[in-house]
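Structure file entry-v5.cif (mmCIF, C-alpha atoms and all ligand atoms) follows.
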data_model
loop_
_atom_site.group_PDB
_atom_site.id
_atom_site.type_symbol
_atom_site.label_atom_id
_atom_site.label_comp_id
_atom_site.auth_asym_id
_atom_site.auth_seq_id
_atom_site.Cartn_x
_atom_site.Cartn_y
_atom_site.Cartn_z
ATOM 1 C CA MET J 15 -0.194 50.166 -15.957
ATOM 2 C CA LEU J 16 -0.912 46.787 -14.407
ATOM 3 C CA ARG J 17 -3.906 46.514 -12.114
ATOM 4 C CA PHE J 18 -4.024 43.315 -10.117
ATOM 5 C CA HIS J 19 -7.317 41.911 -8.837
ATOM 6 C CA THR J 20 -7.181 39.488 -5.924
ATOM 7 C CA ASN J 21 -10.672 39.423 -4.414
ATOM 8 C CA LEU J 22 -11.451 35.781 -5.108
ATOM 9 C CA LEU J 23 -7.953 34.791 -4.064
ATOM 10 C CA THR J 24 -8.218 36.596 -0.735
ATOM 11 C CA GLN J 25 -11.650 35.129 -0.082
ATOM 12 C CA MET J 26 -10.537 31.602 -0.921
ATOM 13 C CA LEU J 27 -7.398 31.845 1.191
ATOM 14 C CA ASN J 28 -9.660 32.560 4.156
ATOM 15 C CA HIS J 29 -12.729 30.457 3.304
ATOM 16 C CA PRO J 30 -12.010 28.062 0.434
ATOM 17 C CA GLU J 31 -15.210 26.084 1.034
ATOM 18 C CA ALA J 32 -17.386 29.160 0.409
ATOM 19 C CA VAL J 33 -17.125 28.792 -3.393
ATOM 20 C CA LEU J 34 -18.832 25.390 -3.153
ATOM 21 C CA ASN J 35 -21.959 27.033 -1.814
ATOM 22 C CA LYS J 36 -24.614 27.895 -4.402
ATOM 23 C CA ASP J 37 -25.437 31.169 -2.630
ATOM 24 C CA TYR J 38 -21.868 32.387 -2.781
ATOM 25 C CA SER J 39 -21.452 35.213 -5.240
ATOM 26 C CA SER J 40 -18.294 36.724 -6.637
ATOM 27 C CA MET J 41 -17.758 38.581 -9.895
ATOM 28 C CA GLU J 42 -14.318 36.957 -10.293
ATOM 29 C CA LEU J 43 -15.718 33.471 -9.812
ATOM 30 C CA VAL J 44 -18.337 34.189 -12.487
ATOM 31 C CA LEU J 45 -15.508 35.118 -14.874
ATOM 32 C CA VAL J 46 -13.653 31.874 -14.076
ATOM 33 C CA GLU J 47 -16.800 29.844 -14.691
ATOM 34 C CA GLU J 48 -17.668 31.700 -17.884
ATOM 35 C CA ASN J 49 -14.274 30.790 -19.342
ATOM 36 C CA ILE J 50 -13.862 27.292 -17.945
ATOM 37 C CA ASN J 51 -15.203 25.722 -21.157
ATOM 38 C CA SER J 52 -12.848 27.584 -23.462
ATOM 39 C CA PHE J 53 -9.845 25.254 -23.082
ATOM 40 C CA GLY J 54 -11.099 22.331 -25.130
ATOM 41 C CA ALA J 55 -12.304 19.946 -22.408
ATOM 42 C CA ASP J 56 -14.217 17.029 -23.931
ATOM 43 C CA GLU J 57 -17.241 17.505 -21.684
ATOM 44 C CA ASP J 58 -19.221 20.533 -20.595
ATOM 45 C CA ILE J 59 -17.924 21.813 -17.246
ATOM 46 C CA PRO J 60 -20.572 23.165 -14.838
ATOM 47 C CA PRO J 61 -20.139 25.947 -12.247
ATOM 48 C CA ILE J 62 -18.073 24.859 -9.255
ATOM 49 C CA ALA J 63 -21.007 24.854 -6.786
ATOM 50 C CA SER J 64 -22.836 22.269 -8.930
ATOM 51 C CA ILE J 65 -20.026 19.733 -8.571
ATOM 52 C CA HIS J 66 -20.180 17.414 -5.574
ATOM 53 C CA ASN J 67 -17.421 15.018 -6.508
ATOM 54 C CA THR J 68 -13.937 15.790 -5.115
ATOM 55 C CA GLU J 69 -12.151 14.336 -8.124
ATOM 56 C CA LEU J 70 -14.123 16.440 -10.578
ATOM 57 C CA LEU J 71 -13.557 19.559 -8.470
ATOM 58 C CA GLU J 72 -9.871 18.854 -8.926
ATOM 59 C CA ASP J 73 -10.019 17.854 -12.616
ATOM 60 C CA TYR J 74 -12.005 20.931 -13.631
ATOM 61 C CA TYR J 75 -10.951 23.620 -11.153
ATOM 62 C CA LEU J 76 -7.772 22.357 -9.404
ATOM 63 C CA TYR J 77 -9.644 22.744 -6.144
ATOM 64 C CA SER J 78 -7.699 20.146 -4.076
ATOM 65 C CA THR J 79 -4.377 21.348 -5.432
ATOM 66 C CA PHE J 80 -5.301 24.844 -4.297
ATOM 67 C CA LEU J 81 -6.126 23.555 -0.812
ATOM 68 C CA THR J 82 -2.808 21.722 -0.612
ATOM 69 C CA LEU J 83 -0.650 24.492 -2.033
ATOM 70 C CA ARG J 84 -2.499 27.574 -0.805
ATOM 71 C CA GLN J 85 0.523 29.011 1.046
ATOM 72 C CA ASN J 86 2.578 28.811 -2.146
ATOM 73 C CA VAL J 87 -0.276 30.308 -4.150
ATOM 74 C CA ALA J 88 -0.467 33.253 -1.731
ATOM 75 C CA GLN J 89 3.306 33.673 -1.952
ATOM 76 C CA LEU J 90 3.327 33.737 -5.757
ATOM 77 C CA ALA J 91 0.541 36.347 -5.770
ATOM 78 C CA GLU J 92 2.552 38.518 -3.397
ATOM 79 C CA ASP J 93 5.804 38.076 -5.329
ATOM 80 C CA ILE J 94 4.424 38.837 -8.789
ATOM 81 C CA GLN J 95 2.922 42.116 -7.598
ATOM 82 C CA LYS J 96 6.366 43.262 -6.444
ATOM 83 C CA VAL J 97 8.096 42.700 -9.789
ATOM 84 C CA PRO J 98 9.071 46.072 -11.324
ATOM 85 C CA GLU J 99 6.774 46.721 -14.294
ATOM 86 C CA ASP J 100 9.688 47.551 -16.614
ATOM 87 C CA LYS J 101 10.727 43.962 -16.415
ATOM 88 C CA LEU J 102 7.372 42.782 -17.749
ATOM 89 C CA PHE J 103 7.216 45.384 -20.524
ATOM 90 C CA THR J 104 10.759 45.103 -21.927
ATOM 91 C CA PHE J 105 9.749 43.247 -25.066
ATOM 92 C CA VAL J 106 6.227 44.523 -25.717
ATOM 93 C CA SER J 107 7.184 48.185 -25.420
ATOM 94 C CA GLN J 108 9.641 47.610 -28.300
ATOM 95 C CA LEU J 109 6.847 46.047 -30.353
ATOM 96 C CA PHE J 110 4.000 48.456 -29.708
ATOM 97 C CA GLY J 111 5.700 51.714 -28.770
ATOM 98 C CA GLU J 112 5.806 53.537 -25.469
ATOM 99 C CA ARG J 113 2.524 55.384 -25.925
ATOM 100 C CA GLU J 114 0.401 52.341 -26.569
ATOM 101 C CA VAL J 115 1.843 50.522 -23.552
ATOM 102 C CA GLN J 116 0.766 53.338 -21.217
ATOM 103 C CA ARG J 117 -2.675 51.749 -21.144
ATOM 104 C CA GLU J 118 -3.890 50.113 -17.953
ATOM 105 C CA ILE J 119 -4.108 46.326 -18.034
ATOM 106 C CA GLN J 120 -6.409 44.399 -15.704
ATOM 107 C CA ILE J 121 -4.891 41.185 -14.338
ATOM 108 C CA TYR J 122 -6.939 38.743 -12.293
ATOM 109 C CA LEU J 123 -4.782 36.651 -9.962
ATOM 110 C CA LEU J 124 -6.948 33.578 -9.508
ATOM 111 C CA PRO J 125 -6.735 30.745 -6.992
ATOM 112 C CA ILE J 126 -8.537 28.186 -9.190
ATOM 113 C CA GLY J 127 -9.300 27.418 -12.831
ATOM 114 C CA TYR J 128 -8.905 24.839 -15.580
ATOM 115 C CA PRO J 129 -5.551 22.979 -15.272
ATOM 116 C CA LEU J 130 -4.508 23.729 -18.888
ATOM 117 C CA GLY J 131 -5.281 27.420 -18.519
ATOM 118 C CA ASP J 132 -2.116 28.634 -16.791
ATOM 119 C CA ALA J 133 -2.682 32.171 -17.960
ATOM 120 C CA TYR J 134 -5.040 33.466 -20.622
ATOM 121 C CA VAL J 135 -6.577 36.560 -22.173
ATOM 122 C CA ARG J 136 -10.341 36.820 -22.584
ATOM 123 C CA GLN J 137 -12.706 39.654 -23.446
ATOM 124 C CA VAL J 138 -14.611 41.141 -20.508
ATOM 125 C CA ASP J 139 -17.089 43.909 -21.392
ATOM 126 C CA GLY J 140 -15.435 44.286 -24.775
ATOM 127 C CA GLN J 141 -11.929 44.680 -23.341
ATOM 128 C CA PRO J 142 -9.096 42.133 -23.249
ATOM 129 C CA VAL J 143 -8.287 41.107 -19.672
ATOM 130 C CA ILE J 144 -5.508 38.822 -18.368
ATOM 131 C CA PHE J 145 -6.278 35.871 -16.091
ATOM 132 C CA VAL J 146 -3.549 34.075 -14.162
ATOM 133 C CA ASN J 147 -4.311 30.695 -12.597
ATOM 134 C CA LEU J 148 -1.868 30.709 -9.689
ATOM 135 C CA THR J 149 -2.580 27.099 -8.715
ATOM 136 C CA ALA J 150 -1.931 25.802 -12.253
ATOM 137 C CA LEU J 151 1.368 27.719 -12.175
ATOM 138 C CA GLN J 152 2.621 25.871 -9.114
ATOM 139 C CA LYS J 153 4.002 23.165 -11.407
ATOM 140 C CA TYR J 154 6.632 25.602 -12.712
ATOM 141 C CA GLY J 155 9.224 25.164 -10.014
ATOM 142 C CA GLN J 156 10.230 23.643 -6.719
ATOM 143 C CA THR J 157 10.794 26.927 -4.903
ATOM 144 C CA SER J 158 8.883 30.207 -4.797
ATOM 145 C CA GLY J 159 11.863 31.882 -6.500
ATOM 146 C CA GLU J 160 11.755 29.413 -9.377
ATOM 147 C CA ARG J 161 8.005 29.762 -9.788
ATOM 148 C CA LEU J 162 8.242 33.543 -9.906
ATOM 149 C CA LYS J 163 11.092 33.372 -12.419
ATOM 150 C CA ASN J 164 8.944 31.195 -14.688
ATOM 151 C CA LEU J 165 5.822 33.306 -14.252
ATOM 152 C CA ILE J 166 7.507 36.472 -15.563
ATOM 153 C CA PRO J 167 7.872 35.269 -19.206
ATOM 154 C CA ILE J 168 4.343 33.831 -19.044
ATOM 155 C CA LEU J 169 3.019 37.251 -18.081
ATOM 156 C CA GLU J 170 5.077 38.913 -20.832
ATOM 157 C CA HIS J 171 3.397 36.495 -23.254
ATOM 158 C CA GLU J 172 -0.088 37.414 -21.995
ATOM 159 C CA ILE J 173 0.702 41.133 -22.023
ATOM 160 C CA PHE J 174 1.630 40.693 -25.692
ATOM 161 C CA HIS J 175 -1.794 39.115 -26.368
ATOM 162 C CA PHE J 176 -3.459 42.062 -24.664
ATOM 163 C CA TYR J 177 -1.830 44.587 -27.021
ATOM 164 C CA PHE J 178 -2.215 42.420 -30.094
ATOM 165 C CA GLU J 179 -5.952 42.028 -29.423
ATOM 166 C CA ARG J 180 -6.255 45.776 -29.030
ATOM 167 C CA LEU J 181 -4.357 46.282 -32.273
ATOM 168 C CA ASN J 182 -6.788 43.875 -33.956
ATOM 169 C CA ASP J 183 -9.732 45.905 -32.697
ATOM 170 C CA PHE J 184 -8.416 49.141 -34.143
ATOM 171 C CA SER J 185 -6.303 48.343 -37.191
ATOM 172 C CA THR J 186 -7.932 48.367 -40.614
ATOM 173 C CA TYR J 187 -5.395 45.764 -41.773
ATOM 174 C CA TRP J 188 -6.651 43.177 -39.286
ATOM 175 C CA GLN J 189 -10.273 44.156 -39.756
ATOM 176 C CA GLN J 190 -9.887 43.490 -43.463
ATOM 177 C CA TYR J 191 -7.949 40.297 -42.822
ATOM 178 C CA LYS J 192 -10.822 38.997 -40.718
ATOM 179 C CA GLU J 193 -13.530 39.979 -43.213
ATOM 180 C CA ASN J 194 -13.218 36.733 -45.119
ATOM 181 C CA PHE J 195 -11.968 34.714 -42.154
ATOM 182 C CA THR J 196 -11.642 31.227 -43.627
ATOM 183 C CA PRO J 197 -10.460 28.402 -41.327
ATOM 184 C CA VAL J 198 -7.026 28.566 -42.994
ATOM 185 C CA LYS J 199 -6.758 32.314 -42.365
ATOM 186 C CA GLU J 200 -7.953 31.819 -38.796
ATOM 187 C CA ALA J 201 -5.348 29.118 -38.154
ATOM 188 C CA GLN J 202 -2.627 31.357 -39.583
ATOM 189 C CA TRP J 203 -3.808 34.189 -37.368
ATOM 190 C CA TRP J 204 -3.425 31.887 -34.344
ATOM 191 C CA VAL J 205 0.005 30.779 -35.558
ATOM 192 C CA LEU J 206 1.067 34.426 -35.665
ATOM 193 C CA ASN J 207 -0.588 35.490 -32.400
ATOM 194 C CA GLU J 208 0.571 32.496 -30.347
ATOM 195 C CA GLY J 209 3.839 32.346 -32.274
ATOM 196 C CA ILE J 210 4.894 35.803 -31.096
ATOM 197 C CA GLY J 211 3.481 35.095 -27.616
ATOM 198 C CA HIS J 212 5.454 31.872 -27.311
ATOM 199 C CA PHE J 213 8.565 33.460 -28.792
ATOM 200 C CA ILE J 214 8.419 36.201 -26.147
ATOM 201 C CA GLY J 215 7.776 33.725 -23.339
ATOM 202 C CA CYS J 216 10.381 31.176 -24.470
ATOM 203 C CA ARG J 217 12.967 33.340 -26.202
ATOM 204 C CA GLU J 218 15.756 32.307 -23.803
ATOM 205 C CA ARG J 219 15.095 28.603 -24.401
ATOM 206 C CA ILE J 220 14.483 28.160 -28.138
ATOM 207 C CA ASP J 221 18.115 27.318 -29.026
ATOM 208 C CA GLN J 222 18.048 24.666 -26.356
ATOM 209 C CA TYR J 223 14.732 23.283 -27.658
ATOM 210 C CA LEU J 224 16.189 23.021 -31.142
ATOM 211 C CA GLN J 225 19.030 20.925 -29.792
ATOM 212 C CA GLU J 226 17.281 18.817 -27.187
ATOM 213 C CA LYS J 227 13.659 18.648 -28.400
ATOM 214 C CA TYR J 228 14.277 18.515 -32.113
ATOM 215 C CA ASP J 229 12.149 15.379 -32.591
ATOM 216 C CA LEU J 230 9.197 16.909 -30.755
ATOM 217 C CA LEU J 231 9.468 20.107 -32.814
ATOM 218 C CA LYS J 232 9.596 18.073 -35.989
ATOM 219 C CA ALA J 233 6.551 16.054 -34.935
ATOM 220 C CA ALA J 234 4.678 19.311 -34.224
ATOM 221 C CA TYR J 235 5.661 20.545 -37.693
ATOM 222 C CA HIS J 236 4.259 17.424 -39.345
ATOM 223 C CA THR J 237 1.015 17.770 -37.419
ATOM 224 C CA TYR J 238 0.884 21.411 -38.444
ATOM 225 C CA LEU J 239 1.277 20.534 -42.140
ATOM 226 C CA LYS J 240 -1.361 17.831 -41.900
ATOM 227 C CA VAL J 241 -3.797 20.117 -40.109
ATOM 228 C CA MET J 242 -3.336 22.961 -42.603
ATOM 229 C CA ASP J 243 -3.982 20.462 -45.380
ATOM 230 C CA ARG J 244 -7.238 19.374 -43.768
ATOM 231 C CA LEU J 245 -8.347 22.974 -43.254
ATOM 232 C CA GLN J 246 -7.443 23.763 -46.857
ATOM 233 C CA GLN J 247 -9.977 21.175 -48.089
ATOM 234 C CA ASN J 248 -12.688 23.347 -46.575
ATOM 235 C CA ASN J 249 -15.134 20.512 -45.873
ATOM 236 C CA LEU J 250 -14.834 20.174 -42.092
ATOM 237 C CA HIS J 251 -17.640 20.481 -39.584
ATOM 238 C CA PRO J 252 -17.437 23.700 -37.492
ATOM 239 C CA ASP J 253 -16.857 21.581 -34.348
ATOM 240 C CA GLU J 254 -13.874 19.877 -35.980
ATOM 241 C CA ILE J 255 -12.445 23.242 -36.983
ATOM 242 C CA LYS J 256 -12.871 24.579 -33.460
ATOM 243 C CA ASP J 257 -11.168 21.485 -32.091
ATOM 244 C CA ILE J 258 -8.227 21.866 -34.472
ATOM 245 C CA MET J 259 -7.721 25.503 -33.409
ATOM 246 C CA LEU J 260 -7.998 24.723 -29.689
ATOM 247 C CA LYS J 261 -5.657 21.740 -29.698
ATOM 248 C CA GLY J 262 -3.101 23.757 -31.650
ATOM 249 C CA ILE J 263 -2.895 26.468 -29.000
ATOM 250 C CA ALA J 264 -4.079 24.932 -25.706
ATOM 251 C CA ASN J 265 -2.336 21.649 -25.020
ATOM 252 C CA SER J 266 0.851 20.402 -23.434
ATOM 253 C CA PHE J 267 3.760 22.479 -24.720
ATOM 254 C CA PHE J 268 5.217 20.546 -27.670
ATOM 255 C CA ASP J 269 1.762 19.356 -28.767
ATOM 256 C CA LYS J 270 0.618 22.903 -29.535
ATOM 257 C CA TYR J 271 1.206 22.531 -33.273
ATOM 258 C CA LEU J 272 0.014 26.040 -34.155
ATOM 259 C CA ALA J 273 1.740 27.909 -31.325
ATOM 260 C CA ILE J 274 5.057 26.025 -31.499
ATOM 261 C CA ILE J 275 5.413 26.345 -35.256
ATOM 262 C CA GLY J 276 4.576 30.036 -34.977
ATOM 263 C CA MET J 277 7.244 30.392 -32.293
ATOM 264 C CA LEU J 278 9.852 28.885 -34.628
ATOM 265 C CA ALA J 279 8.716 31.155 -37.475
ATOM 266 C CA VAL J 280 9.150 34.222 -35.254
ATOM 267 C CA TYR J 281 12.513 32.873 -34.065
ATOM 268 C CA ILE J 282 13.702 32.699 -37.689
ATOM 269 C CA ILE J 283 12.510 36.252 -38.350
ATOM 270 C CA TYR J 284 14.100 37.566 -35.151
ATOM 271 C CA GLN J 285 17.442 35.926 -35.984
ATOM 272 C CA LYS J 286 17.436 37.610 -39.362
ATOM 273 C CA SER J 287 15.811 40.999 -38.775
ATOM 274 C CA GLY J 288 15.637 41.501 -35.014
ATOM 275 C CA ILE J 289 12.797 43.385 -33.370
ATOM 276 C CA ASP J 290 11.947 45.233 -36.623
ATOM 277 C CA GLY J 291 11.149 41.888 -38.221
ATOM 278 C CA VAL J 292 8.810 40.907 -35.413
ATOM 279 C CA ARG J 293 7.186 44.337 -35.606
ATOM 280 C CA SER J 294 6.544 43.850 -39.336
ATOM 281 C CA CYS J 295 4.623 40.655 -38.570
ATOM 282 C CA LEU J 296 2.131 42.668 -36.509
ATOM 283 C CA GLU J 297 0.832 44.395 -39.635
ATOM 284 C CA ASP J 298 1.681 41.977 -42.405
ATOM 285 C CA MET J 299 0.667 38.324 -42.483
ATOM 286 C CA GLN J 300 2.361 37.798 -45.832
ATOM 287 C CA PHE J 301 5.700 38.948 -44.409
ATOM 288 C CA PHE J 302 5.257 36.546 -41.484
ATOM 289 C CA GLN J 303 4.502 33.683 -43.843
ATOM 290 C CA GLU J 304 7.260 34.286 -46.346
ATOM 291 C CA MET J 305 10.033 35.260 -43.946
ATOM 292 C CA GLY J 306 9.056 32.913 -41.117
ATOM 293 C CA LEU J 307 6.494 30.156 -41.613
ATOM 294 C CA GLU J 308 7.782 28.993 -44.969
ATOM 295 C CA GLN J 309 11.304 28.726 -43.546
ATOM 296 C CA VAL J 310 10.369 26.474 -40.615
ATOM 297 C CA GLY J 311 10.653 23.376 -42.798
ATOM 298 C CA VAL J 312 14.211 24.407 -43.693
ATOM 299 C CA LEU J 313 15.096 24.937 -40.022
ATOM 300 C CA LEU J 314 13.811 21.485 -39.103
ATOM 301 C CA ARG J 315 15.265 19.624 -42.055
HETATM 302 ZN ZN ZN J 401 -0.910 32.618 -25.704
#
What would you get if you wrote out this structure as structure tokens?
Amino acid sequence: MLRFHTNLLTQMLNHPEAVLNKDYSSMELVLVEENINSFGADEDIPPIASIHNTELLEDYYLYSTFLTLRQNVAQLAEDIQKVPEDKLFTFVSQLFGEREVQREIQIYLLPIGYPLGDAYVRQVDGQPVIFVNLTALQKYGQTSGERLKNLIPILEHEIFHFYFERLNDFSTYWQQYKENFTPVKEAQWWVLNEGIGHFIGCRERIDQYLQEKYDLLKAAYHTYLKVMDRLQQNNLHPDEIKDIMLKGIANSFFDKYLAIIGMLAVYIIYQKSGIDGVRSCLEDMQFFQEMGLEQVGVLLR
């Protein structure tokens, strides 16, 4: 069901300098470069071979970090491919059903990429594909065991996005929802999509967050309310809207005001209705809003 791709990784473990050569060609590197500007960087990031400054190679692609940590990167790639698939599909198979999760998922294990893009789903030839930035993931632990343990929920989160994107492609409910896709509706769609993703990835830690990171959660909630208010006014420039969406889902953890609030909404629904509640959210935005989103303010009071 999972198909790992490691061409660029293998090549860079042997000849990391090759990617800095303009004549070097690799389909996986093209995919990295095509997506490098999708994480909300303030400036336009060029292909890696056009950058001649060591600091920028690091800032944009984590190139020096890869060179320093390449043994650990290789280890993480090896370890993740040995994890039994059941472990990665525990939650999503309950959400989408056994038959749907039979589908093959392409996962690119990458040596480099934008520092904020730990793992992400993007469309390639009309299909959702998972990218994992193994160098960015090195921050998640002191030992290889710790890093692997933290990568598993991240992959579960991305596998959820894969199936949810597929559901969006085929379900009439989501096609209709997106017909009149106002900025408010788009933001709510991200809250739901990243909310479930973050709930899956963080489900073991949310109680602890509520106790120890309450102030950060509350701050994220206030930002969320403010942002929804601004979107509601419907007079923003498209660039501003794009920026609001990006910052709400791609940022340091507690600053992701759309994703974090969605996570709490799903947490509330899961506490009350279990997996059936989460499943209802997949086909019913109103249910998600009434049972989850509107209760977040109560949870954080
Ligand atoms: Zn996500």
- request: For each of J:Glu170, J:Glu112, J:Asp139, J:Asp183, take the minimum atom-to-atom distance to ligand ZN 401 (chain J), counting all atoms listed in the file, then give the residue where this is smallest.
  value: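 Closest candidate: J:Glu170.
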query: Written as number ranges by chain, what is the full residue list that the PyMOL selection byres (((chain J and resi 266) around 12) and not hetatm) yields on the file shown?
result: J: 53, 129-132, 230, 234, 260-265, 267-271, 273-274
query: Applied to the shown file, which residues does the PyMOL selection byres (((chain J and resi 142-152) around 7) and not hetatm) return, written as a PyMOL selection string?
result: chain J and resi 79-80+87+119-127+129+131-138+140-141+153-155+161+172+176+179
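Taking all atoms listed in the file into account, the protein and nucleic acid residues that come at most 7 Å from ligand ZN 401 (chain J) are Tyr134, His171, Glu172, His175, Glu208, Gly211 and His212 of chain J.
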message: Give me the residues near Gly276 in chain J as an MDAnalysis selection string, where near means some atom within 7 Å (using all atoms listed in the file) and where sequence neighbours in that chain fewer than 2 positions away do not count.
response: chainID J and resid 205:206 208:210 272:274 278:280 307
Evaluate the PyMOL selection byres (((chain J and resi 43) around 9) and not hetatm) and record the selected residues as a PDB file with C-alpha atoms, in the coordinates of the input, following the chain and residue labels used in the document.
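See result_17.pdb below for the written result:
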ATOM      1  CA  LEU J  22     -11.451  35.781  -5.108  1.00  0.00           C
ATOM      2  CA  VAL J  33     -17.125  28.792  -3.393  1.00  0.00           C
ATOM      3  CA  SER J  39     -21.452  35.213  -5.240  1.00  0.00           C
ATOM      4  CA  SER J  40     -18.294  36.724  -6.637  1.00  0.00           C
ATOM      5  CA  MET J  41     -17.758  38.581  -9.895  1.00  0.00           C
ATOM      6  CA  GLU J  42     -14.318  36.957 -10.293  1.00  0.00           C
ATOM      7  CA  VAL J  44     -18.337  34.189 -12.487  1.00  0.00           C
ATOM      8  CA  LEU J  45     -15.508  35.118 -14.874  1.00  0.00           C
ATOM      9  CA  VAL J  46     -13.653  31.874 -14.076  1.00  0.00           C
ATOM     10  CA  GLU J  47     -16.800  29.844 -14.691  1.00  0.00           C
ATOM     11  CA  GLU J  48     -17.668  31.700 -17.884  1.00  0.00           C
ATOM     12  CA  ILE J  62     -18.073  24.859  -9.255  1.00  0.00           C
ATOM     13  CA  LEU J 124      -6.948  33.578  -9.508  1.00  0.00           C
ATOM     14  CA  ILE J 126      -8.537  28.186  -9.190  1.00  0.00           C
TER      15      ILE J 126
END
task: For CA of Thr237 in chain J and CA of Ile275 in chain J, determine how far apart the two atoms are, in Å to one decimal place.
output: 9.9 Å
Skip Asp93 in chain J itself and residues of its chain fewer than 5 positions away, then list as a short mmCIF file (atom, residue, chain, number, x, y, z; two decimals) with C-alpha atoms, in the frame of the given file all residues within 9 Å of it, counting all atoms listed in the file.
data_model
loop_
_atom_site.label_atom_id
_atom_site.label_comp_id
_atom_site.auth_asym_id
_atom_site.auth_seq_id
_atom_site.Cartn_x
_atom_site.Cartn_y
_atom_site.Cartn_z
CA ALA J 88 -0.47 33.25 -1.73
CA SER J 158 8.88 30.21 -4.80
CA GLY J 159 11.86 31.88 -6.50
CA LEU J 162 8.24 33.54 -9.91
#
- prompt: Using all atoms listed in the file, which of J:Asn248, J:Glu254, J:Phe302, J:Asp229 sits nearest Asn207 in chain J?
  reply: J:Phe302
- prompt: When distances are computed from all atoms listed in the file, which of J:Gln108, J:Gln202, J:Gln303, J:Gln156 shows the smallest separation from Ile289 in chain J?
  reply: J:Gln108
query: Distance CA of Lys232 in chain J-CA of Gln246 in chain J, one decimal place?
result: 21.0 Å
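With all atoms listed in the file as the basis for measurement, J:Met15 is the residue among J:Ala91, J:Glu31, J:Tyr191, J:Met15 that approaches Val115 in chain J most closely.
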Exercise: Asp58 in chain J partners within 12 Å, all atoms listed in the file, chain neighbours under 2 positions left out, as a CSV table (one decimal) with C-alpha atoms, keeping the file's coordinate frame:
chain,number,residue,atom,x,y,z
J,47,GLU,CA,-16.8,29.8,-14.7
J,48,GLU,CA,-17.7,31.7,-17.9
J,49,ASN,CA,-14.3,30.8,-19.3
J,50,ILE,CA,-13.9,27.3,-17.9
J,51,ASN,CA,-15.2,25.7,-21.2
J,52,SER,CA,-12.8,27.6,-23.5
J,53,PHE,CA,-9.8,25.3,-23.1
J,54,GLY,CA,-11.1,22.3,-25.1
J,55,ALA,CA,-12.3,19.9,-22.4
J,56,ASP,CA,-14.2,17.0,-23.9
J,60,PRO,CA,-20.6,23.2,-14.8
J,61,PRO,CA,-20.1,25.9,-12.2
J,70,LEU,CA,-14.1,16.4,-10.6
J,74,TYR,CA,-12.0,20.9,-13.6
Some atoms are absent from range 31-42 of chain J, so rebuild N, CA and C atoms and return them as a CSV table (one decimal), keeping the file's coordinate frame.
chain,number,residue,atom,x,y,z
J,31,GLU,N,-14.0,26.9,1.2
J,31,GLU,CA,-15.2,26.1,1.0
J,31,GLU,C,-16.4,27.0,0.6
J,32,ALA,N,-16.3,28.3,0.8
J,32,ALA,CA,-17.4,29.2,0.4
J,32,ALA,C,-17.8,29.0,-1.1
J,33,VAL,N,-16.8,28.8,-2.0
J,33,VAL,CA,-17.1,28.8,-3.4
J,33,VAL,C,-18.0,27.6,-3.8
J,34,LEU,N,-18.1,26.6,-2.9
J,34,LEU,CA,-18.8,25.4,-3.2
J,34,LEU,C,-20.3,25.6,-2.8
J,35,ASN,N,-20.6,26.7,-2.2
J,35,ASN,CA,-22.0,27.0,-1.8
J,35,ASN,C,-22.7,27.8,-2.9
J,36,LYS,N,-23.9,27.3,-3.3
J,36,LYS,CA,-24.6,27.9,-4.4
J,36,LYS,C,-25.0,29.4,-4.2
J,37,ASP,N,-25.1,29.8,-2.9
J,37,ASP,CA,-25.4,31.2,-2.6
J,37,ASP,C,-24.2,32.1,-2.7
J,38,TYR,N,-23.1,31.5,-2.8
J,38,TYR,CA,-21.9,32.4,-2.8
J,38,TYR,C,-21.8,33.2,-4.1
J,39,SER,N,-21.6,34.5,-4.0
J,39,SER,CA,-21.5,35.2,-5.2
J,39,SER,C,-20.2,36.0,-5.3
J,40,SER,N,-19.5,36.0,-6.4
J,40,SER,CA,-18.3,36.7,-6.6
J,40,SER,C,-18.1,37.0,-8.1
J,41,MET,N,-17.9,38.2,-8.5
J,41,MET,CA,-17.8,38.6,-9.9
J,41,MET,C,-16.6,37.8,-10.5
J,42,GLU,N,-15.5,37.7,-9.8
J,42,GLU,CA,-14.3,37.0,-10.3
J,42,GLU,C,-14.6,35.5,-10.5
